[in-house]
Amino acid sequence: AKQGRGSPPLPGQHKTMGKGGEAKPAPGELKRRIERHPRLEPIPKVLYEDAATNVPSTPYYDALNRRVDEIVAKARAVAREPEIHILVAGDGALVYPNRIVWLPWVMGAVAGYLCTTAPSLKSFLWMLPAMYLGYDFYSGVLHVALDDPKNMQGIKSYILFQGCLEFQWHHAIPYDGASKPFIACCADLNIIVLILMVLNCGLLGYTSGTRAALTGLKLFFAYFGQYCHRAAHTPKSKRPKWVQFLQSTGFMTPQAKHNGHHRPPHDENFCLIGKMDPAVNGLIKLCGTNDWVWFGLWLGLSCCDVAL
């Protein structure tokens with residue numbers, strides 16, 4: 001179709017500037033040009049119509065969002081129906097929003113203080129393996145929920161939408177975590193960490209003692225889980241020897257094992273550290289993949305795992 005100088009670009013086209021000069025689109029600009037797909041009706045657009053850009057952009061976020069634009073444009077060019085996360089991105093959602101990267105340092109300091117309130121060194125040492133396994137199980141349950149497109153719909157979407165969007169795009173761009181600094185991977189957890197800190201330390205009053213120390217350890221193992229996941233997508237030549245050793249012993253999830261999760265149908269090995277994969281895999285076989293079951297299990301663990 002022919003366009004006049006003042007006409008808006010066609011779907012998938014770059015925006016032109018002035019006298020025919022072509023500019024690179026801002027992240028997400030290409031995607032906002034298509035009509036809303038009927039399959040998107042159950043997903044509240046209010047969740048992403050004003051995509052988060054509250055901190056200065058960085059090259060790694062820009063690069064990832066441009067890759068999203070490329071995949072969306074390619075999906076428009078083929079006849080088959082795209083997956084829901086591609087439709088959502090094509091409707092204007094920013095898959096990789098900018099995150100406040102200094103917040104994990106603050107949360108880490110709070111978690112460190114909470115750990116110092118453990119009743120004794122002996123009790124703290126017992127807490128380490130308990131939370132190592134406990135958080136790994138928690139990460140697997142959360143991962144199952146975030147990989148389910150149904151959790152981007154209805155009331156659950158108000159809690160899980162952005163996490164679902166990023167996790168489901170992670171299958172299309174598996175190197176996303178490895179392409180940005182580790183602190184940015186920790187910042188991906190900012191919202192959930194703040195919610196859990198307010199819940200445990202504020203509402204439940206875990207400010208000292210065993211439960212406070214477990215809350216602090218849960219945060220540290222959450223960041224360790226992010227590192228394990230990032231390392232599982234990092235080329236061997238760029239992984240330190242100690243990481244390769246821990247992966248070979250199974251203390252961190254081995255790359256080959258995690259790569260299996262990225263092969264369709266993506267229905268096993270959801271845990272980020274990897275030790276609790278057999279438990280979560282067994283639970284999937286026992287309970288199926290009903291979205292409300294896994295959402296409820298994640299919500300219950302979020303509220304009660306430290307107390308238990």
# chains A, B, ... in the order shown; residues from 1 in each chain; ligands from 1
$ residues_around --residues "range 178-186 of chain A" --least-positions-apart "6" --cutoff "9 Å" --atoms "only C-alpha atoms" --output "list in words"
Tyr60, Tyr61, Leu64, Arg99, Ile100, Val101, Trp102, Leu103, Pro104, Trp105, Ala222, Tyr223, Phe224, Gln226, Tyr227, His229, Arg230, Ala231, Ala232, His233, Thr234 and Pro235 of chain A
$ write_last_selection --atoms "C-alpha atoms" --output "short mmCIF file (atom, residue, chain, number, x, y, z; two decimals), in the first residue's frame"
data_model
loop_
_atom_site.label_atom_id
_atom_site.label_comp_id
_atom_site.auth_asym_id
_atom_site.auth_seq_id
_atom_site.Cartn_x
_atom_site.Cartn_y
_atom_site.Cartn_z
CA TYR A 60 20.47 -4.71 27.46
CA TYR A 61 16.76 -3.95 28.00
CA LEU A 64 15.87 -7.54 24.34
CA ARG A 99 13.97 -2.20 36.67
CA ILE A 100 15.46 -0.38 39.65
CA VAL A 101 18.79 -2.19 39.97
CA TRP A 102 19.84 -0.70 43.31
CA LEU A 103 16.84 -2.19 45.12
CA PRO A 104 18.31 -5.74 45.42
CA TRP A 105 21.24 -4.24 47.35
CA ALA A 222 15.87 -16.38 45.52
CA TYR A 223 18.86 -14.40 44.25
CA PHE A 224 20.93 -17.60 44.16
CA GLN A 226 18.39 -16.31 39.65
CA TYR A 227 22.13 -16.91 39.40
CA HIS A 229 19.10 -19.92 36.07
CA ARG A 230 21.36 -17.32 34.48
CA ALA A 231 24.34 -19.70 34.61
CA ALA A 232 22.27 -22.44 32.96
CA HIS A 233 21.94 -20.17 29.91
CA THR A 234 25.52 -18.89 29.92
CA PRO A 235 27.99 -20.47 27.45
#
$ closest_residue --among "A:Val293, A:Met197, A:Leu246, A:Ala212" --to "Met127 in chain A" --atoms "only C-alpha atoms"
A:Ala212
$ residues_around --residues "Leu217 in chain A" --least-positions-apart "3" --cutoff "9 Å" --atoms "only C-alpha atoms" --output "compact mmCIF listing (two decimals) with all heavy atoms, in the first residue's frame"
# COMPACT_ATOMS: atom_id res chain seq x y z
N ALA A 111 17.82 -8.49 54.31
CA ALA A 111 17.87 -9.94 54.50
C ALA A 111 19.06 -10.34 55.37
O ALA A 111 18.96 -11.23 56.22
CB ALA A 111 17.95 -10.64 53.14
N GLY A 112 20.20 -9.67 55.17
CA GLY A 112 21.37 -9.95 55.99
C GLY A 112 21.12 -9.67 57.45
O GLY A 112 21.49 -10.47 58.33
N LEU A 114 18.17 -9.72 58.94
CA LEU A 114 17.23 -10.73 59.44
C LEU A 114 17.96 -12.03 59.77
O LEU A 114 17.64 -12.69 60.77
CB LEU A 114 16.13 -10.98 58.40
CG LEU A 114 15.16 -9.82 58.14
CD1 LEU A 114 14.22 -10.17 56.98
CD2 LEU A 114 14.35 -9.48 59.38
N CYS A 115 18.94 -12.39 58.94
CA CYS A 115 19.70 -13.62 59.21
C CYS A 115 20.47 -13.54 60.52
O CYS A 115 20.64 -14.54 61.22
CB CYS A 115 20.66 -13.91 58.06
SG CYS A 115 19.84 -14.45 56.55
N MET A 127 19.09 -24.10 59.17
CA MET A 127 18.15 -23.40 58.27
C MET A 127 18.66 -23.40 56.83
O MET A 127 17.85 -23.34 55.89
CB MET A 127 17.96 -21.95 58.73
CG MET A 127 17.23 -21.77 60.04
SD MET A 127 17.14 -20.01 60.44
CE MET A 127 16.91 -20.09 62.22
N LEU A 128 19.97 -23.40 56.63
CA LEU A 128 20.53 -23.29 55.28
C LEU A 128 20.04 -24.40 54.35
O LEU A 128 19.47 -24.09 53.29
CB LEU A 128 22.06 -23.28 55.34
CG LEU A 128 22.69 -21.99 55.88
CD1 LEU A 128 24.18 -22.20 56.13
CD2 LEU A 128 22.48 -20.86 54.88
N MET A 131 16.09 -24.10 53.78
CA MET A 131 15.62 -23.07 52.85
C MET A 131 16.18 -23.26 51.45
O MET A 131 15.55 -22.88 50.47
CB MET A 131 15.94 -21.67 53.38
CG MET A 131 15.22 -20.55 52.63
SD MET A 131 13.42 -20.82 52.38
CE MET A 131 12.79 -20.45 54.02
N TYR A 132 17.36 -23.88 51.33
CA TYR A 132 17.90 -24.23 50.01
C TYR A 132 16.90 -25.10 49.26
O TYR A 132 16.57 -24.85 48.10
CB TYR A 132 19.23 -24.95 50.20
CG TYR A 132 19.80 -25.62 48.97
CD1 TYR A 132 20.45 -24.88 47.98
CD2 TYR A 132 19.72 -26.99 48.81
CE1 TYR A 132 21.00 -25.50 46.86
CE2 TYR A 132 20.27 -27.63 47.69
CZ TYR A 132 20.90 -26.88 46.72
OH TYR A 132 21.44 -27.49 45.61
N TYR A 135 13.20 -23.11 49.13
CA TYR A 135 13.05 -22.11 48.08
C TYR A 135 13.05 -22.75 46.70
O TYR A 135 12.32 -22.30 45.81
CB TYR A 135 14.16 -21.04 48.12
CG TYR A 135 13.95 -20.10 46.96
CD1 TYR A 135 12.94 -19.15 47.01
CD2 TYR A 135 14.66 -20.25 45.77
CE1 TYR A 135 12.66 -18.35 45.93
CE2 TYR A 135 14.38 -19.45 44.68
CZ TYR A 135 13.38 -18.51 44.76
OH TYR A 135 13.07 -17.73 43.67
N ALA A 212 12.25 -14.85 61.07
CA ALA A 212 12.90 -13.71 60.41
C ALA A 212 14.13 -14.17 59.65
O ALA A 212 14.37 -13.77 58.51
CB ALA A 212 13.26 -12.66 61.45
N ALA A 213 14.93 -15.04 60.28
CA ALA A 213 16.13 -15.55 59.62
C ALA A 213 15.77 -16.36 58.38
O ALA A 213 16.44 -16.27 57.35
CB ALA A 213 16.94 -16.40 60.60
N LEU A 214 14.71 -17.15 58.47
CA LEU A 214 14.26 -17.91 57.30
C LEU A 214 13.78 -16.99 56.18
O LEU A 214 14.00 -17.26 55.01
CB LEU A 214 13.14 -18.88 57.70
CG LEU A 214 13.58 -20.12 58.48
CD1 LEU A 214 12.36 -20.85 59.05
CD2 LEU A 214 14.40 -21.06 57.60
N PHE A 220 17.90 -14.57 49.96
CA PHE A 220 19.22 -14.90 49.42
C PHE A 220 19.16 -16.08 48.46
O PHE A 220 19.83 -16.09 47.42
CB PHE A 220 20.20 -15.19 50.56
CG PHE A 220 20.71 -13.95 51.25
CD1 PHE A 220 20.70 -13.84 52.62
CD2 PHE A 220 21.19 -12.88 50.50
CE1 PHE A 220 21.16 -12.69 53.25
CE2 PHE A 220 21.67 -11.72 51.12
CZ PHE A 220 21.65 -11.63 52.50
N PHE A 221 18.35 -17.09 48.79
CA PHE A 221 18.24 -18.23 47.88
C PHE A 221 17.45 -17.87 46.62
O PHE A 221 17.64 -18.48 45.57
CB PHE A 221 17.65 -19.44 48.59
CG PHE A 221 18.67 -20.20 49.40
CD1 PHE A 221 18.54 -20.33 50.77
CD2 PHE A 221 19.77 -20.78 48.79
CE1 PHE A 221 19.50 -21.00 51.52
CE2 PHE A 221 20.73 -21.45 49.52
CZ PHE A 221 20.60 -21.57 50.89
N ALA A 222 16.55 -16.87 46.73
CA ALA A 222 15.87 -16.38 45.52
C ALA A 222 16.89 -15.78 44.56
O ALA A 222 16.86 -16.03 43.35
CB ALA A 222 14.81 -15.35 45.90
$ atom_distance --atom1 "CA of Met252 in chain A" --atom2 "CA of Ile273 in chain A"
5.3 Å
$ atom_distance --atom1 "CA of Glu41 in chain A" --atom2 "CA of Arg66 in chain A"
25.4 Å
$ closest_residue --among "A:Lys238, A:His258, A:Arg39, A:Lys218" --to "Val88 in chain A" --atoms "only C-alpha atoms"
A:Arg39
$ select_by_dssp --residues "range 154-278 of chain A" --states "alpha helix (DSSP H)" --output "ChimeraX atom specification"
/A:157-170,182-187,190-197,210-232,241-249,255-261,277-278
$ closest_atom_pairs --of "range 41-144 of chain A" --to "range 151-171 of chain A" --cutoff "10 Å" --atoms "only C-alpha atoms" --output "JSON lines"
{"residue": "A:Glu41", "atom": "CA", "partner": "A:Gln153", "partner_atom": "CA", "distance": 8.6}
{"residue": "A:Pro42", "atom": "CA", "partner": "A:Gln153", "partner_atom": "CA", "distance": 5.2}
{"residue": "A:Ile43", "atom": "CA", "partner": "A:Gln153", "partner_atom": "CA", "distance": 4.6}
{"residue": "A:Pro44", "atom": "CA", "partner": "A:Gly154", "partner_atom": "CA", "distance": 7.2}
{"residue": "A:Val46", "atom": "CA", "partner": "A:Tyr158", "partner_atom": "CA", "distance": 9.6}
{"residue": "A:Leu47", "atom": "CA", "partner": "A:Tyr158", "partner_atom": "CA", "distance": 7.2}
{"residue": "A:Tyr48", "atom": "CA", "partner": "A:Gln162", "partner_atom": "CA", "distance": 8.5}
{"residue": "A:Val68", "atom": "CA", "partner": "A:Trp169", "partner_atom": "CA", "distance": 8.3}
{"residue": "A:Glu83", "atom": "CA", "partner": "A:Gln168", "partner_atom": "CA", "distance": 9.5}
{"residue": "A:Ile84", "atom": "CA", "partner": "A:Gln168", "partner_atom": "CA", "distance": 9.1}
{"residue": "A:His85", "atom": "CA", "partner": "A:Leu165", "partner_atom": "CA", "distance": 6.1}
{"residue": "A:Ile86", "atom": "CA", "partner": "A:Trp169", "partner_atom": "CA", "distance": 7.9}
{"residue": "A:Val88", "atom": "CA", "partner": "A:Leu165", "partner_atom": "CA", "distance": 8.1}
{"residue": "A:Ala89", "atom": "CA", "partner": "A:Leu165", "partner_atom": "CA", "distance": 8.4}
{"residue": "A:Ala93", "atom": "CA", "partner": "A:Leu165", "partner_atom": "CA", "distance": 8.7}
{"residue": "A:Leu94", "atom": "CA", "partner": "A:Gln162", "partner_atom": "CA", "distance": 9.0}
{"residue": "A:Val95", "atom": "CA", "partner": "A:Glu166", "partner_atom": "CA", "distance": 5.9}
{"residue": "A:Tyr96", "atom": "CA", "partner": "A:Glu166", "partner_atom": "CA", "distance": 7.0}
{"residue": "A:Pro97", "atom": "CA", "partner": "A:Gln162", "partner_atom": "CA", "distance": 9.2}
{"residue": "A:Leu142", "atom": "CA", "partner": "A:Gly163", "partner_atom": "CA", "distance": 9.6}
{"residue": "A:His143", "atom": "CA", "partner": "A:Phe167", "partner_atom": "CA", "distance": 7.8}
{"residue": "A:Val144", "atom": "CA", "partner": "A:Cys164", "partner_atom": "CA", "distance": 9.8}
$ write_last_selection --atoms "N, CA, C and O atoms" --output "PDB file, in the first residue's frame"
ATOM      1  N   GLU A  41      -9.082 -10.598  24.727  1.00  0.00           N
ATOM      2  CA  GLU A  41     -10.172 -10.007  25.509  1.00  0.00           C
ATOM      3  C   GLU A  41     -10.142 -10.369  26.995  1.00  0.00           C
ATOM      4  O   GLU A  41     -10.421  -9.531  27.841  1.00  0.00           O
ATOM      5  N   PRO A  42      -9.794 -11.616  27.382  1.00  0.00           N
ATOM      6  CA  PRO A  42      -9.767 -11.928  28.826  1.00  0.00           C
ATOM      7  C   PRO A  42      -8.601 -11.275  29.577  1.00  0.00           C
ATOM      8  O   PRO A  42      -8.549 -11.341  30.802  1.00  0.00           O
ATOM      9  N   ILE A  43      -7.663 -10.664  28.846  1.00  0.00           N
ATOM     10  CA  ILE A  43      -6.489 -10.063  29.482  1.00  0.00           C
ATOM     11  C   ILE A  43      -6.715  -8.564  29.632  1.00  0.00           C
ATOM     12  O   ILE A  43      -6.861  -7.851  28.638  1.00  0.00           O
ATOM     13  N   PRO A  44      -6.774  -8.052  30.862  1.00  0.00           N
ATOM     14  CA  PRO A  44      -7.042  -6.611  31.061  1.00  0.00           C
ATOM     15  C   PRO A  44      -5.923  -5.752  30.474  1.00  0.00           C
ATOM     16  O   PRO A  44      -4.773  -5.845  30.904  1.00  0.00           O
ATOM     17  N   VAL A  46      -5.434  -2.729  30.864  1.00  0.00           N
ATOM     18  CA  VAL A  46      -4.956  -1.757  31.839  1.00  0.00           C
ATOM     19  C   VAL A  46      -3.630  -2.196  32.462  1.00  0.00           C
ATOM     20  O   VAL A  46      -2.853  -1.375  32.947  1.00  0.00           O
ATOM     21  N   LEU A  47      -3.340  -3.487  32.419  1.00  0.00           N
ATOM     22  CA  LEU A  47      -2.107  -4.007  33.013  1.00  0.00           C
ATOM     23  C   LEU A  47      -0.864  -3.598  32.239  1.00  0.00           C
ATOM     24  O   LEU A  47       0.238  -3.635  32.775  1.00  0.00           O
ATOM     25  N   TYR A  48      -1.037  -3.231  30.975  1.00  0.00           N
ATOM     26  CA  TYR A  48       0.159  -2.919  30.187  1.00  0.00           C
ATOM     27  C   TYR A  48       0.010  -1.740  29.245  1.00  0.00           C
ATOM     28  O   TYR A  48       0.943  -1.430  28.503  1.00  0.00           O
ATOM     29  N   VAL A  68      12.235  -8.725  20.732  1.00  0.00           N
ATOM     30  CA  VAL A  68      10.800  -9.005  20.807  1.00  0.00           C
ATOM     31  C   VAL A  68      10.098  -8.430  19.588  1.00  0.00           C
ATOM     32  O   VAL A  68       9.261  -9.094  18.956  1.00  0.00           O
ATOM     33  N   GLU A  83       1.342 -17.575  19.400  1.00  0.00           N
ATOM     34  CA  GLU A  83       1.066 -17.869  20.799  1.00  0.00           C
ATOM     35  C   GLU A  83       0.627 -16.600  21.514  1.00  0.00           C
ATOM     36  O   GLU A  83       0.910 -15.482  21.071  1.00  0.00           O
ATOM     37  N   ILE A  84      -0.028 -16.796  22.669  1.00  0.00           N
ATOM     38  CA  ILE A  84      -0.664 -15.669  23.347  1.00  0.00           C
ATOM     39  C   ILE A  84       0.356 -14.616  23.789  1.00  0.00           C
ATOM     40  O   ILE A  84       0.076 -13.416  23.736  1.00  0.00           O
ATOM     41  N   HIS A  85       1.570 -15.033  24.211  1.00  0.00           N
ATOM     42  CA  HIS A  85       2.537 -14.033  24.676  1.00  0.00           C
ATOM     43  C   HIS A  85       2.997 -13.147  23.517  1.00  0.00           C
ATOM     44  O   HIS A  85       3.328 -11.976  23.724  1.00  0.00           O
ATOM     45  N   ILE A  86       2.982 -13.693  22.289  1.00  0.00           N
ATOM     46  CA  ILE A  86       3.336 -12.884  21.118  1.00  0.00           C
ATOM     47  C   ILE A  86       2.213 -11.895  20.809  1.00  0.00           C
ATOM     48  O   ILE A  86       2.459 -10.731  20.488  1.00  0.00           O
ATOM     49  N   VAL A  88       0.148 -10.631  23.005  1.00  0.00           N
ATOM     50  CA  VAL A  88       0.163  -9.605  24.051  1.00  0.00           C
ATOM     51  C   VAL A  88       1.263  -8.580  23.758  1.00  0.00           C
ATOM     52  O   VAL A  88       1.047  -7.371  23.878  1.00  0.00           O
ATOM     53  N   ALA A  89       2.448  -9.065  23.385  1.00  0.00           N
ATOM     54  CA  ALA A  89       3.527  -8.137  23.037  1.00  0.00           C
ATOM     55  C   ALA A  89       3.145  -7.299  21.823  1.00  0.00           C
ATOM     56  O   ALA A  89       3.433  -6.098  21.757  1.00  0.00           O
ATOM     57  N   ALA A  93       2.334  -4.541  25.021  1.00  0.00           N
ATOM     58  CA  ALA A  93       2.976  -4.819  26.312  1.00  0.00           C
ATOM     59  C   ALA A  93       4.489  -4.763  26.179  1.00  0.00           C
ATOM     60  O   ALA A  93       5.046  -5.276  25.210  1.00  0.00           O
ATOM     61  N   LEU A  94       5.144  -4.154  27.141  1.00  0.00           N
ATOM     62  CA  LEU A  94       6.601  -4.099  27.153  1.00  0.00           C
ATOM     63  C   LEU A  94       7.100  -5.331  27.902  1.00  0.00           C
ATOM     64  O   LEU A  94       6.911  -5.461  29.104  1.00  0.00           O
ATOM     65  N   VAL A  95       7.729  -6.235  27.177  1.00  0.00           N
ATOM     66  CA  VAL A  95       8.119  -7.518  27.771  1.00  0.00           C
ATOM     67  C   VAL A  95       9.224  -7.343  28.799  1.00  0.00           C
ATOM     68  O   VAL A  95       9.201  -7.978  29.864  1.00  0.00           O
ATOM     69  N   TYR A  96      10.184  -6.476  28.516  1.00  0.00           N
ATOM     70  CA  TYR A  96      11.317  -6.281  29.421  1.00  0.00           C
ATOM     71  C   TYR A  96      11.339  -4.830  29.906  1.00  0.00           C
ATOM     72  O   TYR A  96      12.053  -3.995  29.359  1.00  0.00           O
ATOM     73  N   PRO A  97      10.538  -4.519  30.931  1.00  0.00           N
ATOM     74  CA  PRO A  97      10.536  -3.148  31.445  1.00  0.00           C
ATOM     75  C   PRO A  97      11.813  -2.853  32.218  1.00  0.00           C
ATOM     76  O   PRO A  97      12.472  -3.760  32.731  1.00  0.00           O
ATOM     77  N   LEU A 142       6.209 -21.673  41.449  1.00  0.00           N
ATOM     78  CA  LEU A 142       5.987 -20.374  40.810  1.00  0.00           C
ATOM     79  C   LEU A 142       6.233 -20.457  39.305  1.00  0.00           C
ATOM     80  O   LEU A 142       5.464 -19.891  38.511  1.00  0.00           O
ATOM     81  N   HIS A 143       7.255 -21.178  38.906  1.00  0.00           N
ATOM     82  CA  HIS A 143       7.592 -21.319  37.486  1.00  0.00           C
ATOM     83  C   HIS A 143       6.457 -22.017  36.727  1.00  0.00           C
ATOM     84  O   HIS A 143       6.111 -21.624  35.609  1.00  0.00           O
ATOM     85  N   VAL A 144       5.869 -23.053  37.329  1.00  0.00           N
ATOM     86  CA  VAL A 144       4.727 -23.733  36.694  1.00  0.00           C
ATOM     87  C   VAL A 144       3.594 -22.734  36.468  1.00  0.00           C
ATOM     88  O   VAL A 144       2.973 -22.689  35.390  1.00  0.00           O
TER      89      VAL A 144
END
$ residues_around --residues "range 71-76 of chain A" --least-positions-apart "4" --cutoff "7 Å" --atoms "only C-alpha atoms" --output "list in words"
Gly12, Arg67, Pro82, Ile86 and Gly90 of chain A
$ atom_distance --atom1 "CA of Tyr206 in chain A" --atom2 "CA of Phe251 in chain A"
28.8 Å
$ select_by_dssp --residues "range 12-221 of chain A" --states "strand (DSSP E or B)" --output "list in words"
Thr16, Met17, Gly21 and Glu22 of chain A
$ write_last_selection --atoms "all heavy atoms" --output "mmCIF file, in the first residue's frame"
data_model
loop_
_atom_site.group_PDB
_atom_site.id
_atom_site.type_symbol
_atom_site.label_atom_id
_atom_site.label_comp_id
_atom_site.auth_asym_id
_atom_site.auth_seq_id
_atom_site.Cartn_x
_atom_site.Cartn_y
_atom_site.Cartn_z
ATOM 1 N N THR A 16 8.973 6.664 9.934
ATOM 2 C CA THR A 16 9.893 7.526 9.197
ATOM 3 C C THR A 16 9.933 8.889 9.853
ATOM 4 O O THR A 16 8.999 9.301 10.545
ATOM 5 C CB THR A 16 9.449 7.666 7.730
ATOM 6 O OG1 THR A 16 8.113 8.137 7.703
ATOM 7 C CG2 THR A 16 9.536 6.328 7.020
ATOM 8 N N MET A 17 11.024 9.612 9.597
ATOM 9 C CA MET A 17 11.196 10.921 10.206
ATOM 10 C C MET A 17 11.474 11.958 9.126
ATOM 11 O O MET A 17 12.312 11.745 8.249
ATOM 12 C CB MET A 17 12.383 10.898 11.184
ATOM 13 C CG MET A 17 12.154 10.034 12.400
ATOM 14 S SD MET A 17 13.632 9.948 13.430
ATOM 15 C CE MET A 17 13.871 11.678 13.823
ATOM 16 N N GLY A 21 14.021 10.189 6.248
ATOM 17 C CA GLY A 21 15.003 9.492 7.072
ATOM 18 C C GLY A 21 14.299 8.486 7.957
ATOM 19 O O GLY A 21 13.234 8.760 8.495
ATOM 20 N N GLU A 22 14.914 7.317 8.151
ATOM 21 C CA GLU A 22 14.266 6.259 8.916
ATOM 22 C C GLU A 22 14.927 6.126 10.283
ATOM 23 O O GLU A 22 16.140 6.046 10.401
ATOM 24 C CB GLU A 22 14.363 4.925 8.173
ATOM 25 C CG GLU A 22 13.465 3.861 8.789
ATOM 26 C CD GLU A 22 13.238 2.712 7.831
ATOM 27 O OE1 GLU A 22 13.476 2.901 6.636
ATOM 28 O OE2 GLU A 22 12.834 1.647 8.291
#
